[in-house]
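Coordinates from start_26.cif are shown below (mmCIF, C-alpha atoms and all ligand atoms).
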```cif
data_data
loop_
_atom_site.label_atom_id
_atom_site.label_comp_id
_atom_site.auth_asym_id
_atom_site.auth_seq_id
_atom_site.Cartn_x
_atom_site.Cartn_y
_atom_site.Cartn_z
CA MET I 29 -14.77 -4.96 -5.03
CA GLN I 30 -16.36 -6.27 -8.24
CA HIS I 31 -17.23 -2.69 -9.18
CA ALA I 32 -13.61 -1.58 -8.70
CA ILE I 33 -12.38 -4.45 -10.89
CA GLN I 34 -14.99 -3.61 -13.52
CA LEU I 35 -13.92 0.06 -13.55
CA LEU I 36 -10.26 -0.96 -13.85
CA THR I 37 -11.06 -3.28 -16.74
CA GLU I 38 -13.13 -0.65 -18.56
CA ALA I 39 -10.70 2.25 -18.07
CA GLY I 40 -7.54 0.27 -18.89
CA ASP I 41 -4.16 1.96 -18.64
CA GLY I 42 -5.67 5.39 -17.97
CA ALA I 43 -7.04 4.32 -14.58
CA LYS I 44 -5.33 4.63 -11.21
CA ILE I 45 -6.27 3.13 -7.87
CA LEU I 46 -6.33 5.53 -4.94
CA ALA I 47 -5.33 3.84 -1.67
CA GLY I 48 -3.79 5.98 1.09
CA GLY I 49 -2.86 8.69 -1.41
CA GLN I 50 0.49 9.23 0.31
CA SER I 51 2.45 8.73 -2.91
CA LEU I 52 -0.20 9.33 -5.57
CA VAL I 53 -1.49 12.69 -4.32
CA PRO I 54 2.03 14.22 -4.27
CA LEU I 55 2.39 12.99 -7.88
CA PHE I 56 -0.84 14.87 -8.75
CA ASN I 57 0.49 17.98 -7.04
CA LEU I 58 3.68 17.79 -9.11
CA GLY I 59 1.73 17.16 -12.33
CA LEU I 60 3.43 13.79 -12.76
CA ALA I 61 0.23 11.69 -12.80
CA ARG I 62 -2.99 12.48 -14.68
CA PRO I 63 -5.26 9.43 -14.61
CA SER I 64 -8.43 9.50 -16.69
CA VAL I 65 -10.25 7.56 -13.95
CA LEU I 66 -9.45 7.46 -10.23
CA ILE I 67 -10.77 4.41 -8.39
CA ASP I 68 -10.97 5.02 -4.65
CA ILE I 69 -10.68 1.69 -2.81
CA ASN I 70 -10.64 3.18 0.70
CA ARG I 71 -14.05 1.77 1.66
CA LEU I 72 -13.21 -1.78 0.55
CA ASP I 73 -12.89 -3.16 4.08
CA THR I 74 -12.41 -6.69 2.73
CA LEU I 75 -8.91 -5.64 1.60
CA ASP I 76 -7.87 -4.70 5.14
CA TYR I 77 -6.68 -7.80 7.01
CA ILE I 78 -3.68 -9.64 8.42
CA GLU I 79 -4.32 -13.34 8.94
CA GLN I 80 -2.75 -16.75 8.99
CA ARG I 81 -3.49 -18.92 5.94
CA ASN I 82 -2.09 -22.38 5.31
CA GLY I 83 1.14 -21.70 7.16
CA SER I 84 1.64 -18.21 5.65
CA ILE I 85 0.69 -14.72 6.71
CA ALA I 86 -1.73 -12.99 4.31
CA VAL I 87 -1.79 -9.19 4.31
CA GLY I 88 -4.62 -7.39 2.50
CA ALA I 89 -3.69 -4.72 -0.04
CA LEU I 90 -5.46 -1.97 1.91
CA THR I 91 -3.89 -2.83 5.27
CA ARG I 92 -2.53 0.45 6.64
CA HIS I 93 1.09 0.62 7.73
CA ALA I 94 -0.16 1.48 11.26
CA THR I 95 -2.27 -1.70 11.38
CA ALA I 96 0.72 -3.78 10.31
CA GLU I 97 2.88 -1.97 12.86
CA ALA I 98 0.48 -2.98 15.66
CA SER I 99 -0.02 -6.58 14.52
CA ASP I 100 1.22 -9.22 17.00
CA LEU I 101 0.85 -11.82 14.25
CA LEU I 102 3.21 -9.94 11.93
CA HIS I 103 5.65 -9.25 14.77
CA ALA I 104 5.86 -12.96 15.55
CA ALA I 105 6.01 -14.20 11.94
CA CYS I 106 8.03 -11.44 10.20
CA PRO I 107 10.22 -9.66 12.76
CA LEU I 108 12.22 -7.87 10.03
CA LEU I 109 9.05 -6.36 8.58
CA ALA I 110 7.85 -5.43 12.07
CA GLU I 111 11.15 -3.65 12.65
CA ALA I 112 11.02 -1.80 9.30
CA ILE I 113 7.43 -0.50 9.30
CA PRO I 114 7.85 2.00 12.18
CA MET I 115 10.57 3.66 10.04
CA ILE I 116 8.06 4.59 7.33
CA GLY I 117 7.42 8.34 7.37
CA ASP I 118 5.58 9.48 10.49
CA PRO I 119 2.37 8.39 12.27
CA GLN I 120 0.21 10.41 9.87
CA VAL I 121 1.75 8.68 6.82
CA ARG I 122 1.47 5.26 8.49
CA ASN I 123 -2.20 5.84 9.37
CA ARG I 124 -3.10 6.49 5.71
CA GLY I 125 -0.47 4.65 3.66
CA SER I 126 -1.14 1.03 2.77
CA VAL I 127 0.98 -2.07 2.28
CA GLY I 128 -0.51 -2.62 -1.19
CA GLY I 129 0.08 0.99 -2.21
CA SER I 130 3.69 0.81 -1.11
CA LEU I 131 4.28 -2.41 -3.07
CA ALA I 132 2.48 -1.08 -6.16
CA HIS I 133 4.32 2.25 -6.06
CA ALA I 134 7.58 0.29 -5.63
CA ASP I 135 9.80 3.19 -4.66
CA PRO I 136 13.28 1.57 -4.51
CA VAL I 137 14.10 3.35 -1.26
CA ALA I 138 10.82 2.44 0.45
CA GLU I 139 10.86 -0.06 3.30
CA ILE I 140 8.31 -2.67 2.15
CA PRO I 141 9.42 -3.00 -1.51
CA THR I 142 13.02 -3.31 -0.32
CA LEU I 143 12.09 -6.10 2.06
CA ARG I 144 10.04 -7.79 -0.66
CA SER I 145 13.16 -7.99 -2.80
CA VAL I 146 14.86 -9.76 0.12
CA TRP I 147 12.00 -12.28 0.46
CA VAL I 148 11.35 -12.80 -3.26
CA PRO I 149 14.64 -12.33 -5.14
C1 LIG I 201 5.78 12.64 3.96
C2 LIG I 201 5.86 11.21 3.49
C3 LIG I 201 6.90 10.41 3.96
C4 LIG I 201 7.00 9.07 3.53
N1 LIG I 201 8.03 8.33 4.01
C5 LIG I 201 8.13 7.04 3.63
C6 LIG I 201 9.20 6.22 4.15
O1 LIG I 201 10.04 6.66 4.93
N2 LIG I 201 9.26 4.94 3.73
C7 LIG I 201 8.33 4.39 2.86
O2 LIG I 201 8.43 3.21 2.53
N3 LIG I 201 7.32 5.14 2.37
C8 LIG I 201 7.21 6.44 2.73
N4 LIG I 201 6.17 7.20 2.23
C9 LIG I 201 5.23 6.58 1.27
C10 LIG I 201 4.13 5.82 2.00
O3 LIG I 201 4.63 4.60 2.51
C11 LIG I 201 2.96 5.51 1.05
O4 LIG I 201 1.93 5.14 1.87
C12 LIG I 201 3.15 4.42 0.04
O5 LIG I 201 4.28 4.59 -0.78
C13 LIG I 201 1.97 4.35 -0.92
O6 LIG I 201 0.87 3.83 -0.26
P1 LIG I 201 -0.55 4.52 -0.40
O7 LIG I 201 -1.54 3.58 0.20
O8 LIG I 201 -0.51 5.89 0.13
O9 LIG I 201 -0.78 4.48 -2.00
P2 LIG I 201 -1.28 5.60 -3.02
O10 LIG I 201 -0.47 6.84 -2.87
O11 LIG I 201 -2.76 5.74 -2.94
O12 LIG I 201 -0.92 4.86 -4.38
C14 LIG I 201 0.43 4.69 -4.79
C15 LIG I 201 0.46 3.93 -6.13
O13 LIG I 201 0.06 2.58 -5.94
C16 LIG I 201 -1.11 2.28 -6.71
N5 LIG I 201 -1.94 1.40 -5.87
C17 LIG I 201 -2.35 1.64 -4.59
N6 LIG I 201 -3.01 0.58 -4.11
C18 LIG I 201 -3.02 -0.35 -5.11
C19 LIG I 201 -3.56 -1.67 -5.22
N7 LIG I 201 -4.23 -2.23 -4.19
N8 LIG I 201 -3.39 -2.34 -6.38
C20 LIG I 201 -2.72 -1.78 -7.41
N9 LIG I 201 -2.18 -0.53 -7.38
C21 LIG I 201 -2.33 0.17 -6.23
C22 LIG I 201 -1.77 3.63 -6.99
O14 LIG I 201 -2.58 3.60 -8.15
C23 LIG I 201 -0.53 4.51 -7.17
O15 LIG I 201 0.03 4.34 -8.45
C24 LIG I 201 6.04 8.52 2.62
C25 LIG I 201 4.98 9.34 2.16
C26 LIG I 201 4.91 10.66 2.59
C27 LIG I 201 3.78 11.52 2.07
#
```
How does this structure look as structure tokens?
Amino acid sequence: MQHAIQLLTEAGDGAKILAGGQSLVPLFNLGLARPSVLIDINRLDTLDYIEQRNGSIAVGALTRHATAEASDLLHAACPLLAEAIPMIGDPQVRNRGSVGGSLAHADPVAEIPTLRSVWVP
């Protein structure tokens, strides 16, 4: 984790984080993204969690959509989110794509960013 942060700091605006790659890799294929440094966070297991913290639900940036889809905690605490996540792409996309990647990419038609704008106007 510290190494990833250090790389991000050193590379500045030219760097991109690679999470599930479900939005970033298509951008590479279309020639719409050309980062100078690609920081792969896929092995940072500490970013993959869903847990209760001080009366809130904390979701790690690298939590896959499929993990969120299967989470009883999320189903109980955020039924709207639990209802929306199965609508994301297909099982293959949900197995790779991450909650953090979806929020960072912020596609206005994507499920999680849309719900975020409902929670945090
Ligand atoms: C065929 C297909 C269908 C899809 N259908 C849907 C759909 O119906 N609904 C929907 O909502 N989405 C859909 N998606 C997108 C999917 O949800 C992606 O998983 C998501 O948009 C991006 O998550 P990712 O982990 O793949 O991120 P990546 O593609 O790896 O990264 C996306 C962007 O976020 C940045 N980023 C990633 N993680 C972080 C982080 N931790 N901190 C800061 N920046 C970060 C990256 O640098 C990049 O700019 C689809 C994708 C595909 C390929």
TODO: Write as a PyMOL selection string the residues around ligand LIG 201 (chain I), taking 9 Å as the cut-off and counting all atoms listed in the file.
DONE: chain I and resi 43-55+61+66-69+75+88-93+112-118+120-142
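When CA of Arg62 in chain I is paired with CA of Glu38 in chain I, their separation reads 17.0 Å.
The interatomic distance for the pair CA of Asp73 in chain I and CA of Met29 in chain I works out to 9.5 Å.
Taking CA of Arg144 in chain I and CA of Leu72 in chain I as endpoints, the distance between them is 24.0 Å.
Compared by their closest atoms to Pro63 in chain I, and using all atoms listed in the file, the residues I:Ala104, I:Gly42, I:Thr95, I:Leu36 rank with I:Gly42 nearest.
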